[in-house]
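Participant: Hey, dropping target-v1.cif in here, mmCIF, C-alpha atoms:
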```
data_target
loop_
_atom_site.label_atom_id
_atom_site.label_comp_id
_atom_site.auth_asym_id
_atom_site.auth_seq_id
_atom_site.Cartn_x
_atom_site.Cartn_y
_atom_site.Cartn_z
CA MET A 1 125.43 118.47 53.92
CA LYS A 2 127.84 116.42 51.84
CA LYS A 3 131.59 116.16 51.70
CA ILE A 4 133.31 116.80 48.40
CA ASN A 5 136.15 114.63 47.09
CA PHE A 6 138.42 116.43 44.62
CA LYS A 7 139.55 113.28 42.75
CA SER A 8 136.01 112.07 42.32
CA LYS A 9 134.89 115.48 41.02
CA PHE A 10 137.82 115.71 38.60
CA SER A 11 136.81 112.32 37.14
CA LYS A 12 133.49 113.83 36.03
CA PHE A 13 134.83 116.08 33.26
CA ASN A 14 137.59 116.26 30.68
CA ASP A 15 137.37 119.69 29.10
CA GLN A 16 140.18 122.13 29.84
CA TRP A 17 139.98 125.76 30.93
CA SER A 18 136.34 125.35 31.86
CA PRO A 19 135.81 125.80 35.61
CA LYS A 20 133.27 123.52 37.31
CA VAL A 21 131.70 124.65 40.56
CA ILE A 22 131.91 122.12 43.39
CA ALA A 23 130.89 124.23 46.39
CA GLU A 24 129.53 127.56 47.47
CA MET A 25 130.44 129.35 50.72
CA ASN A 26 128.44 132.52 51.33
CA ASP A 27 128.74 134.31 47.96
CA TYR A 28 132.02 132.61 47.01
CA GLN A 29 132.53 129.55 44.86
CA PHE A 30 135.11 126.75 44.76
CA LYS A 31 135.76 125.63 41.19
CA LEU A 32 137.86 122.80 39.75
CA VAL A 33 139.63 123.28 36.43
CA LYS A 34 141.86 121.13 34.24
CA ILE A 35 144.38 123.25 32.39
CA LYS A 36 146.96 122.63 29.68
CA ASN A 37 148.92 124.94 27.37
CA ASP A 38 148.30 128.67 27.33
CA PHE A 39 145.39 130.66 28.65
CA VAL A 40 144.85 134.30 27.69
CA TRP A 41 146.18 137.40 29.40
CA HIS A 42 143.42 138.89 31.54
CA LYS A 43 142.58 140.56 34.82
CA HIS A 44 139.68 140.72 37.22
CA ASP A 45 139.08 144.33 38.16
CA ASP A 46 136.71 143.63 41.04
CA THR A 47 138.22 140.73 42.92
CA ASP A 48 141.28 138.83 44.06
CA GLU A 49 141.47 135.25 42.81
CA VAL A 50 142.95 132.20 44.52
CA PHE A 51 144.69 129.36 42.65
CA ILE A 52 145.37 126.10 44.51
CA VAL A 53 147.23 123.32 42.71
CA ILE A 54 145.67 119.91 43.38
CA GLU A 55 147.79 117.89 40.90
CA GLY A 56 150.60 118.74 38.51
CA ILE A 57 152.50 121.94 37.89
CA ILE A 58 151.20 125.26 36.63
CA ASN A 59 152.79 128.57 35.81
CA ILE A 60 151.26 132.00 36.12
CA GLU A 61 152.85 134.72 34.04
CA PHE A 62 152.65 138.23 35.40
CA GLU A 63 153.96 141.37 33.75
CA ASN A 64 157.27 141.22 35.63
CA GLU A 65 157.70 137.58 36.59
CA THR A 66 156.44 134.03 36.16
CA ILE A 67 155.56 131.96 39.20
CA GLU A 68 155.58 128.16 39.13
CA LEU A 69 153.22 126.36 41.47
CA GLU A 70 153.05 122.68 42.24
CA GLU A 71 150.73 120.38 44.15
CA GLY A 72 150.16 121.72 47.66
CA GLU A 73 150.81 125.33 46.73
CA MET A 74 148.52 128.33 46.28
CA ILE A 75 148.68 131.97 45.29
CA VAL A 76 146.41 134.98 45.59
CA VAL A 77 146.30 137.04 42.41
CA PRO A 78 145.34 140.56 43.53
CA LYS A 79 142.46 142.26 41.75
CA GLY A 80 143.42 144.25 38.69
CA THR A 81 146.61 142.22 38.17
CA LYS A 82 147.19 141.02 34.62
CA HIS A 83 148.06 137.34 34.52
CA LYS A 84 148.26 134.40 32.11
CA PRO A 85 148.20 130.86 33.49
CA TYR A 86 149.71 128.00 31.53
CA ALA A 87 150.75 124.40 32.03
CA ASP A 88 153.07 122.25 29.94
CA GLU A 89 151.25 119.08 31.00
CA GLU A 90 147.64 118.88 32.10
CA ALA A 91 147.31 120.09 35.68
CA LYS A 92 144.37 120.10 38.07
CA ILE A 93 143.65 123.21 40.05
CA MET A 94 141.02 124.74 42.31
CA LEU A 95 139.94 128.37 42.07
CA VAL A 96 138.29 130.30 44.89
CA GLU A 97 136.53 133.51 43.94
CA PRO A 98 133.20 135.31 44.23
CA SER A 99 130.27 133.75 42.37
CA GLY A 100 129.85 135.25 38.91
CA VAL A 101 133.51 135.77 38.05
CA ILE A 102 134.18 135.11 34.35
CA ASN A 103 137.26 132.95 33.71
CA THR A 104 138.74 135.26 31.07
CA GLY A 105 138.07 138.45 33.07
CA ASP A 106 138.33 141.53 30.87
CA ASN A 107 139.38 139.52 27.81
CA GLU A 108 136.35 137.62 26.57
CA GLY A 109 136.87 135.28 23.63
CA ASP A 110 137.15 131.67 22.56
CA LEU A 111 138.32 130.56 26.00
CA THR A 112 135.50 132.26 27.89
CA ALA A 113 133.69 129.41 29.66
CA PRO A 114 130.09 129.06 30.78
CA ASN A 115 129.65 130.37 34.30
CA ASP A 116 128.12 128.61 37.29
CA GLU A 117 128.47 125.12 35.79
CA TRP A 118 128.17 122.67 38.69
CA ILE A 119 129.40 119.10 38.83
CA MET B 1 153.17 138.40 45.13
CA LYS B 2 154.37 135.13 46.62
CA LYS B 3 153.26 131.54 46.34
CA ILE B 4 152.37 129.70 49.51
CA ASN B 5 153.46 126.13 50.20
CA PHE B 6 151.21 124.30 52.66
CA LYS B 7 153.89 121.86 53.93
CA SER B 8 156.35 124.65 54.54
CA LYS B 9 153.73 126.70 56.42
CA PHE B 10 152.70 123.71 58.56
CA SER B 11 156.34 123.25 59.59
CA LYS B 12 156.28 126.69 61.24
CA PHE B 13 153.98 125.83 64.15
CA ASN B 14 153.07 122.97 66.45
CA ASP B 15 150.13 124.13 68.52
CA GLN B 16 146.78 122.51 67.89
CA TRP B 17 143.37 124.11 67.35
CA SER B 18 145.01 127.50 66.75
CA PRO B 19 144.39 128.70 63.18
CA LYS B 20 147.27 130.48 61.42
CA VAL B 21 146.46 132.82 58.55
CA ILE B 22 148.45 132.14 55.38
CA ALA B 23 146.58 134.26 52.84
CA GLU B 24 143.88 136.85 52.39
CA MET B 25 141.57 137.11 49.36
CA ASN B 26 139.32 140.16 49.43
CA ASP B 27 137.88 140.01 52.97
CA TYR B 28 138.35 136.25 53.33
CA GLN B 29 141.20 134.38 54.95
CA PHE B 30 142.86 131.00 54.36
CA LYS B 31 144.01 129.47 57.66
CA LEU B 32 146.00 126.34 58.46
CA VAL B 33 145.24 124.38 61.61
CA LYS B 34 146.62 121.25 63.23
CA ILE B 35 143.93 119.39 65.10
CA LYS B 36 143.82 116.40 67.43
CA ASN B 37 141.20 115.05 69.84
CA ASP B 38 137.99 116.94 70.49
CA PHE B 39 137.08 120.52 69.76
CA VAL B 40 134.00 122.16 71.31
CA TRP B 41 130.48 122.26 69.94
CA HIS B 42 129.90 125.66 68.34
CA LYS B 43 128.34 127.50 65.43
CA HIS B 44 129.02 130.59 63.38
CA ASP B 45 125.81 132.56 63.03
CA ASP B 46 127.05 134.93 60.35
CA THR B 47 128.98 132.78 57.93
CA ASP B 48 129.48 129.46 56.22
CA GLU B 49 132.85 127.83 56.90
CA VAL B 50 134.96 125.64 54.63
CA PHE B 51 137.13 122.76 55.88
CA ILE B 52 139.71 121.26 53.49
CA VAL B 53 141.78 118.29 54.68
CA ILE B 54 145.44 118.64 53.68
CA GLU B 55 146.77 115.61 55.61
CA GLY B 56 145.20 112.97 57.81
CA ILE B 57 141.60 112.23 58.69
CA ILE B 58 139.13 114.42 60.54
CA ASN B 59 135.57 114.00 61.68
CA ILE B 60 132.94 116.66 62.01
CA GLU B 61 130.05 115.85 64.30
CA PHE B 62 126.73 117.46 63.51
CA GLU B 63 123.52 117.11 65.45
CA ASN B 64 122.26 114.26 63.24
CA GLU B 65 125.37 112.73 61.72
CA THR B 66 129.17 112.58 61.76
CA ILE B 67 131.08 113.12 58.55
CA GLU B 68 134.61 111.75 58.07
CA LEU B 69 136.90 113.64 55.73
CA GLU B 70 140.29 112.63 54.47
CA GLU B 71 143.08 114.24 52.47
CA GLY B 72 141.68 115.74 49.28
CA GLU B 73 138.21 116.28 50.66
CA MET B 74 136.33 119.38 51.77
CA ILE B 75 133.00 120.37 53.25
CA VAL B 76 131.02 123.57 53.62
CA VAL B 77 129.48 123.93 57.08
CA PRO B 78 126.46 126.23 56.59
CA LYS B 79 126.13 129.23 58.88
CA GLY B 80 124.24 128.60 62.07
CA THR B 81 124.98 124.85 61.98
CA LYS B 82 126.24 123.36 65.24
CA HIS B 83 129.34 121.26 64.71
CA LYS B 84 132.22 119.68 66.62
CA PRO B 85 135.37 118.70 64.76
CA TYR B 86 137.65 116.01 66.11
CA ALA B 87 140.55 113.86 64.99
CA ASP B 88 141.90 110.66 66.51
CA GLU B 89 145.40 111.36 65.18
CA GLU B 90 146.80 114.81 64.44
CA ALA B 91 145.45 116.06 61.12
CA LYS B 92 146.27 119.12 59.08
CA ILE B 93 143.47 121.18 57.63
CA MET B 94 142.80 124.48 55.89
CA LEU B 95 139.86 126.71 56.77
CA VAL B 96 138.40 129.33 54.45
CA GLU B 97 136.17 131.94 56.02
CA PRO B 98 135.72 135.71 56.34
CA SER B 99 138.41 137.59 58.25
CA GLY B 100 137.52 138.00 61.90
CA VAL B 101 135.79 134.67 62.46
CA ILE B 102 136.51 133.27 65.94
CA ASN B 103 137.44 129.58 65.95
CA THR B 104 135.03 128.64 68.72
CA GLY B 105 132.14 130.67 67.29
CA ASP B 106 129.39 131.18 69.88
CA ASN B 107 131.17 129.06 72.49
CA GLU B 108 134.17 131.00 73.76
CA GLY B 109 136.43 129.27 76.26
CA ASP B 110 139.78 127.59 76.75
CA LEU B 111 140.03 126.63 73.08
CA THR B 112 139.31 130.11 71.76
CA ALA B 113 142.42 131.04 69.79
CA PRO B 114 143.98 134.42 68.99
CA ASN B 115 142.57 135.80 65.77
CA ASP B 116 144.45 137.03 62.71
CA GLU B 117 147.70 135.27 63.65
CA TRP B 118 149.79 135.11 60.46
CA ILE B 119 152.61 132.73 59.66
#
```
The structure given in the file should be rewritten as structure tokens.
Facilitator:
Amino acid sequence: MKKINFKSKFSKFNDQWSPKVIAEMNDYQFKLVKIKNDFVWHKHDDTDEVFIVIEGIINIEFENETIELEEGEMIVVPKGTKHKPYADEEAKIMLVEPSGVINTGDNEGDLTAPNDEWI
Amino acid sequence: MKKINFKSKFSKFNDQWSPKVIAEMNDYQFKLVKIKNDFVWHKHDDTDEVFIVIEGIINIEFENETIELEEGEMIVVPKGTKHKPYADEEAKIMLVEPSGVINTGDNEGDLTAPNDEWI
């Protein structure tokens, strides 16, 4: 059993939009991601997805609104909900979702990241 | 859909060792708890449990070691693992676990808190 330090984990990678797994709880994973600029519109048909902002400011565009989140804030994106995250400056976030979820959901492409990449 | 601000949610309650639900993702819940002094030894036979420290310092005693966690750190306590959290000064933490988990696990008593209490 080992504790996990977010800052220390974030220092281990530099690529953006590529989630790194730091912990597994039952069949769920906790993933750290650095994000900057625009992601792609996508949805996850089978699961909700949690975003927690660890450092910086992110925005999540939905079809009818855009929500800004800063450090110490989280949101649950319900399954099947189209969304597009973006950040003007690099931000550090944590995702919580079932193991196996693909970052780009139903919209695979250049930003689709390898899955289950642990740091 | 609404974002959740941890500081704002923590300002809504003062009782200790009584988890308040702030979000649900699929059949999992995110709960905030203020803790101080000793909890009881217990285990959760059916699920892992995640502790994330939002503010302050906590300790989790296990049978063979004690792990100290500070702000920005988390740990996954595997299912079936006996543990006893404590904090010398009040600390603020977030738990992630399946809905329905009882805070005192297999050791119900004075510190057993109401379940599914939302703020």
Participant: Output as a Markdown table one row per residue of chain A within 10 Å of chain B: the closest atom pair and its distance in Å to one decimal place, counting only C-alpha atoms, sorted by chain and residue number ascending.
Facilitator:
```
| residue | atom | partner | partner_atom | distance |
| --- | --- | --- | --- | --- |
| A:Met1 | CA | B:Val77 | CA | 7.5 |
| A:Lys2 | CA | B:Ile75 | CA | 6.6 |
| A:Lys3 | CA | B:Ile75 | CA | 4.7 |
| A:Ile4 | CA | B:Met74 | CA | 5.2 |
| A:Asn5 | CA | B:Glu73 | CA | 4.4 |
| A:Phe6 | CA | B:Gly72 | CA | 5.7 |
| A:Lys7 | CA | B:Gly72 | CA | 7.3 |
| A:Ser8 | CA | B:Glu73 | CA | 9.6 |
| A:Ile22 | CA | B:Met74 | CA | 9.9 |
| A:Ala23 | CA | B:Val76 | CA | 7.3 |
| A:Glu24 | CA | B:Val76 | CA | 7.5 |
| A:Met25 | CA | B:Asp48 | CA | 5.6 |
| A:Asn26 | CA | B:Asp48 | CA | 5.9 |
| A:Asp27 | CA | B:Asp48 | CA | 9.6 |
| A:Tyr28 | CA | B:Tyr28 | CA | 9.7 |
| A:Phe30 | CA | B:Val50 | CA | 9.9 |
| A:Asp46 | CA | B:Asn26 | CA | 9.4 |
| A:Thr47 | CA | B:Asn26 | CA | 6.6 |
| A:Asp48 | CA | B:Met25 | CA | 5.6 |
| A:Glu49 | CA | B:Met25 | CA | 6.8 |
| A:Val50 | CA | B:Met25 | CA | 7.0 |
| A:Phe51 | CA | B:Lys3 | CA | 9.6 |
| A:Ile52 | CA | B:Ile4 | CA | 9.3 |
| A:Ile54 | CA | B:Gly72 | CA | 8.3 |
| A:Phe62 | CA | B:Met1 | CA | 9.7 |
| A:Glu65 | CA | B:Met1 | CA | 9.7 |
| A:Ile67 | CA | B:Lys3 | CA | 7.5 |
| A:Glu68 | CA | B:Lys3 | CA | 8.3 |
| A:Leu69 | CA | B:Lys3 | CA | 7.1 |
| A:Glu70 | CA | B:Asn5 | CA | 8.7 |
| A:Glu71 | CA | B:Asn5 | CA | 8.8 |
| A:Gly72 | CA | B:Phe6 | CA | 5.7 |
| A:Glu73 | CA | B:Asn5 | CA | 4.4 |
| A:Met74 | CA | B:Ile4 | CA | 5.2 |
| A:Ile75 | CA | B:Lys3 | CA | 4.7 |
| A:Val76 | CA | B:Met25 | CA | 6.5 |
| A:Val77 | CA | B:Met1 | CA | 7.5 |
| A:Pro78 | CA | B:Met25 | CA | 7.8 |
| A:Lys79 | CA | B:Asn26 | CA | 8.6 |
| A:Val96 | CA | B:Met25 | CA | 8.8 |
| A:Glu97 | CA | B:Met25 | CA | 8.2 |
| A:Pro98 | CA | B:Asn26 | CA | 9.4 |
```
Participant: Store the residues of this selection in a file with C-alpha atoms, as an mmCIF file, in the coordinates of the input.
Facilitator:
```
data_model
loop_
_atom_site.group_PDB
_atom_site.id
_atom_site.type_symbol
_atom_site.label_atom_id
_atom_site.label_comp_id
_atom_site.auth_asym_id
_atom_site.auth_seq_id
_atom_site.Cartn_x
_atom_site.Cartn_y
_atom_site.Cartn_z
ATOM 1 C CA MET A 1 125.430 118.470 53.920
ATOM 2 C CA LYS A 2 127.840 116.420 51.840
ATOM 3 C CA LYS A 3 131.590 116.160 51.700
ATOM 4 C CA ILE A 4 133.310 116.800 48.400
ATOM 5 C CA ASN A 5 136.150 114.630 47.090
ATOM 6 C CA PHE A 6 138.420 116.430 44.620
ATOM 7 C CA LYS A 7 139.550 113.280 42.750
ATOM 8 C CA SER A 8 136.010 112.070 42.320
ATOM 9 C CA ILE A 22 131.910 122.120 43.390
ATOM 10 C CA ALA A 23 130.890 124.230 46.390
ATOM 11 C CA GLU A 24 129.530 127.560 47.470
ATOM 12 C CA MET A 25 130.440 129.350 50.720
ATOM 13 C CA ASN A 26 128.440 132.520 51.330
ATOM 14 C CA ASP A 27 128.740 134.310 47.960
ATOM 15 C CA TYR A 28 132.020 132.610 47.010
ATOM 16 C CA PHE A 30 135.110 126.750 44.760
ATOM 17 C CA ASP A 46 136.710 143.630 41.040
ATOM 18 C CA THR A 47 138.220 140.730 42.920
ATOM 19 C CA ASP A 48 141.280 138.830 44.060
ATOM 20 C CA GLU A 49 141.470 135.250 42.810
ATOM 21 C CA VAL A 50 142.950 132.200 44.520
ATOM 22 C CA PHE A 51 144.690 129.360 42.650
ATOM 23 C CA ILE A 52 145.370 126.100 44.510
ATOM 24 C CA ILE A 54 145.670 119.910 43.380
ATOM 25 C CA PHE A 62 152.650 138.230 35.400
ATOM 26 C CA GLU A 65 157.700 137.580 36.590
ATOM 27 C CA ILE A 67 155.560 131.960 39.200
ATOM 28 C CA GLU A 68 155.580 128.160 39.130
ATOM 29 C CA LEU A 69 153.220 126.360 41.470
ATOM 30 C CA GLU A 70 153.050 122.680 42.240
ATOM 31 C CA GLU A 71 150.730 120.380 44.150
ATOM 32 C CA GLY A 72 150.160 121.720 47.660
ATOM 33 C CA GLU A 73 150.810 125.330 46.730
ATOM 34 C CA MET A 74 148.520 128.330 46.280
ATOM 35 C CA ILE A 75 148.680 131.970 45.290
ATOM 36 C CA VAL A 76 146.410 134.980 45.590
ATOM 37 C CA VAL A 77 146.300 137.040 42.410
ATOM 38 C CA PRO A 78 145.340 140.560 43.530
ATOM 39 C CA LYS A 79 142.460 142.260 41.750
ATOM 40 C CA VAL A 96 138.290 130.300 44.890
ATOM 41 C CA GLU A 97 136.530 133.510 43.940
ATOM 42 C CA PRO A 98 133.200 135.310 44.230
#
```
Participant: CA of Val40 in chain B to CA of Tyr86 in chain B: how many Å, to one decimal?
Facilitator: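 Spanning CA of Val40 in chain B to CA of Tyr86 in chain B is a straight-line distance of 8.8 Å.
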Participant: Taking 5 positions as the minimum chain separation for residues in the same chain, which residues sit within 9 Å of Lys92 in chain A when counting all atoms listed in the file? Answer as a list of chain:residue names.
Facilitator: A:Phe10, A:Leu32, A:Val33, A:Lys34, A:Ile35, A:Ile52, A:Val53, A:Ile54, A:Glu55, A:Gly56, A:Ile57, A:Ile58, A:Glu71
Participant: Given the selection you just returned, output its residues as a file containing C-alpha atoms, formatted as a CSV table (one decimal), in the frame of the given file.
Facilitator:
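Listing of again24.csv after writing:
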```csv
chain,number,residue,atom,x,y,z
A,10,PHE,CA,137.8,115.7,38.6
A,32,LEU,CA,137.9,122.8,39.8
A,33,VAL,CA,139.6,123.3,36.4
A,34,LYS,CA,141.9,121.1,34.2
A,35,ILE,CA,144.4,123.2,32.4
A,52,ILE,CA,145.4,126.1,44.5
A,53,VAL,CA,147.2,123.3,42.7
A,54,ILE,CA,145.7,119.9,43.4
A,55,GLU,CA,147.8,117.9,40.9
A,56,GLY,CA,150.6,118.7,38.5
A,57,ILE,CA,152.5,121.9,37.9
A,58,ILE,CA,151.2,125.3,36.6
A,71,GLU,CA,150.7,120.4,44.2
```
Participant: Where does the PyMOL selection byres ((chain A and resi 80-82) around 6) land in this file, that is, which residues does it pick, as a list in words?
Facilitator: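 Selected by the PyMOL selection byres ((chain A and resi 80-82) around 6) in this file: His42, Lys43, His44, Asp45, Pro78, Lys79 and His83 of chain A.
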Participant: Counting only C-alpha atoms, figure out which residue out of B:Asn59, B:Thr104, B:Asn64, B:Asn37 gets nearest to Glu89 in chain B.
Facilitator: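 With only C-alpha atoms as the atom set, the closest residue is B:Asn37.
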Participant: Expressed in Å to a single decimal, how great is the separation between CA of Trp118 in chain B and CA of Val21 in chain A?
Facilitator: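 Answer for the CA of Trp118 in chain B to CA of Val21 in chain A separation: 28.9 Å.
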Participant: Dig up all the protein and nucleic acid residues within 8 Å of (157.8, 131.0, 59.0) in the file frame, using all atoms listed in the file, and format them as a ChimeraX atom specification.
Facilitator: /B:8-9,11-12,119
Participant: Find the distance between CA of Asp116 in chain B and CA of Glu63 in chain B and write it in Å to one decimal.
Facilitator: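 Taking CA of Asp116 in chain B as the start and CA of Glu63 in chain B as the end point, the length is 29.0 Å.
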Participant: If we count only C-alpha atoms, what is near Asp38 in chain A at a cut-off of 8 Å, once residues fewer than 4 positions away on the same chain are taken out, given as a PyMOL selection string?
Facilitator: chain A and resi 84-87
Participant: For range 31-43 of chain B, supply N, CA and C atoms and report the output as a short mmCIF file (atom, residue, chain, number, x, y, z; two decimals), keeping the file's coordinate frame.
Facilitator:
```
data_model
loop_
_atom_site.label_atom_id
_atom_site.label_comp_id
_atom_site.auth_asym_id
_atom_site.auth_seq_id
_atom_site.Cartn_x
_atom_site.Cartn_y
_atom_site.Cartn_z
N LYS B 31 143.32 129.74 56.39
CA LYS B 31 144.01 129.47 57.66
C LYS B 31 144.37 127.99 57.75
N LEU B 32 145.59 127.72 58.21
CA LEU B 32 146.00 126.34 58.46
C LEU B 32 145.84 126.03 59.95
N VAL B 33 145.42 124.81 60.22
CA VAL B 33 145.24 124.38 61.61
C VAL B 33 145.67 122.93 61.75
N LYS B 34 146.37 122.64 62.85
CA LYS B 34 146.62 121.25 63.23
C LYS B 34 145.60 120.88 64.30
N ILE B 35 144.96 119.76 64.12
CA ILE B 35 143.93 119.39 65.10
C ILE B 35 144.13 117.97 65.60
N LYS B 36 143.81 117.76 66.87
CA LYS B 36 143.82 116.40 67.43
C LYS B 36 142.87 116.36 68.63
N ASN B 37 142.21 115.23 68.79
CA ASN B 37 141.20 115.05 69.84
C ASN B 37 139.99 115.96 69.59
N ASP B 38 139.29 116.27 70.67
CA ASP B 38 137.99 116.94 70.49
C ASP B 38 138.05 118.45 70.52
N PHE B 39 137.30 119.09 69.65
CA PHE B 39 137.08 120.52 69.76
C PHE B 39 135.78 120.71 70.55
N VAL B 40 135.26 121.91 70.59
CA VAL B 40 134.00 122.16 71.31
C VAL B 40 132.85 122.32 70.31
N TRP B 41 131.67 121.99 70.74
CA TRP B 41 130.48 122.26 69.94
C TRP B 41 130.35 123.78 69.78
N HIS B 42 130.10 124.22 68.57
CA HIS B 42 129.90 125.66 68.34
C HIS B 42 129.24 125.88 66.99
N LYS B 43 128.86 127.12 66.75
CA LYS B 43 128.34 127.50 65.43
C LYS B 43 128.77 128.92 65.12
#
```
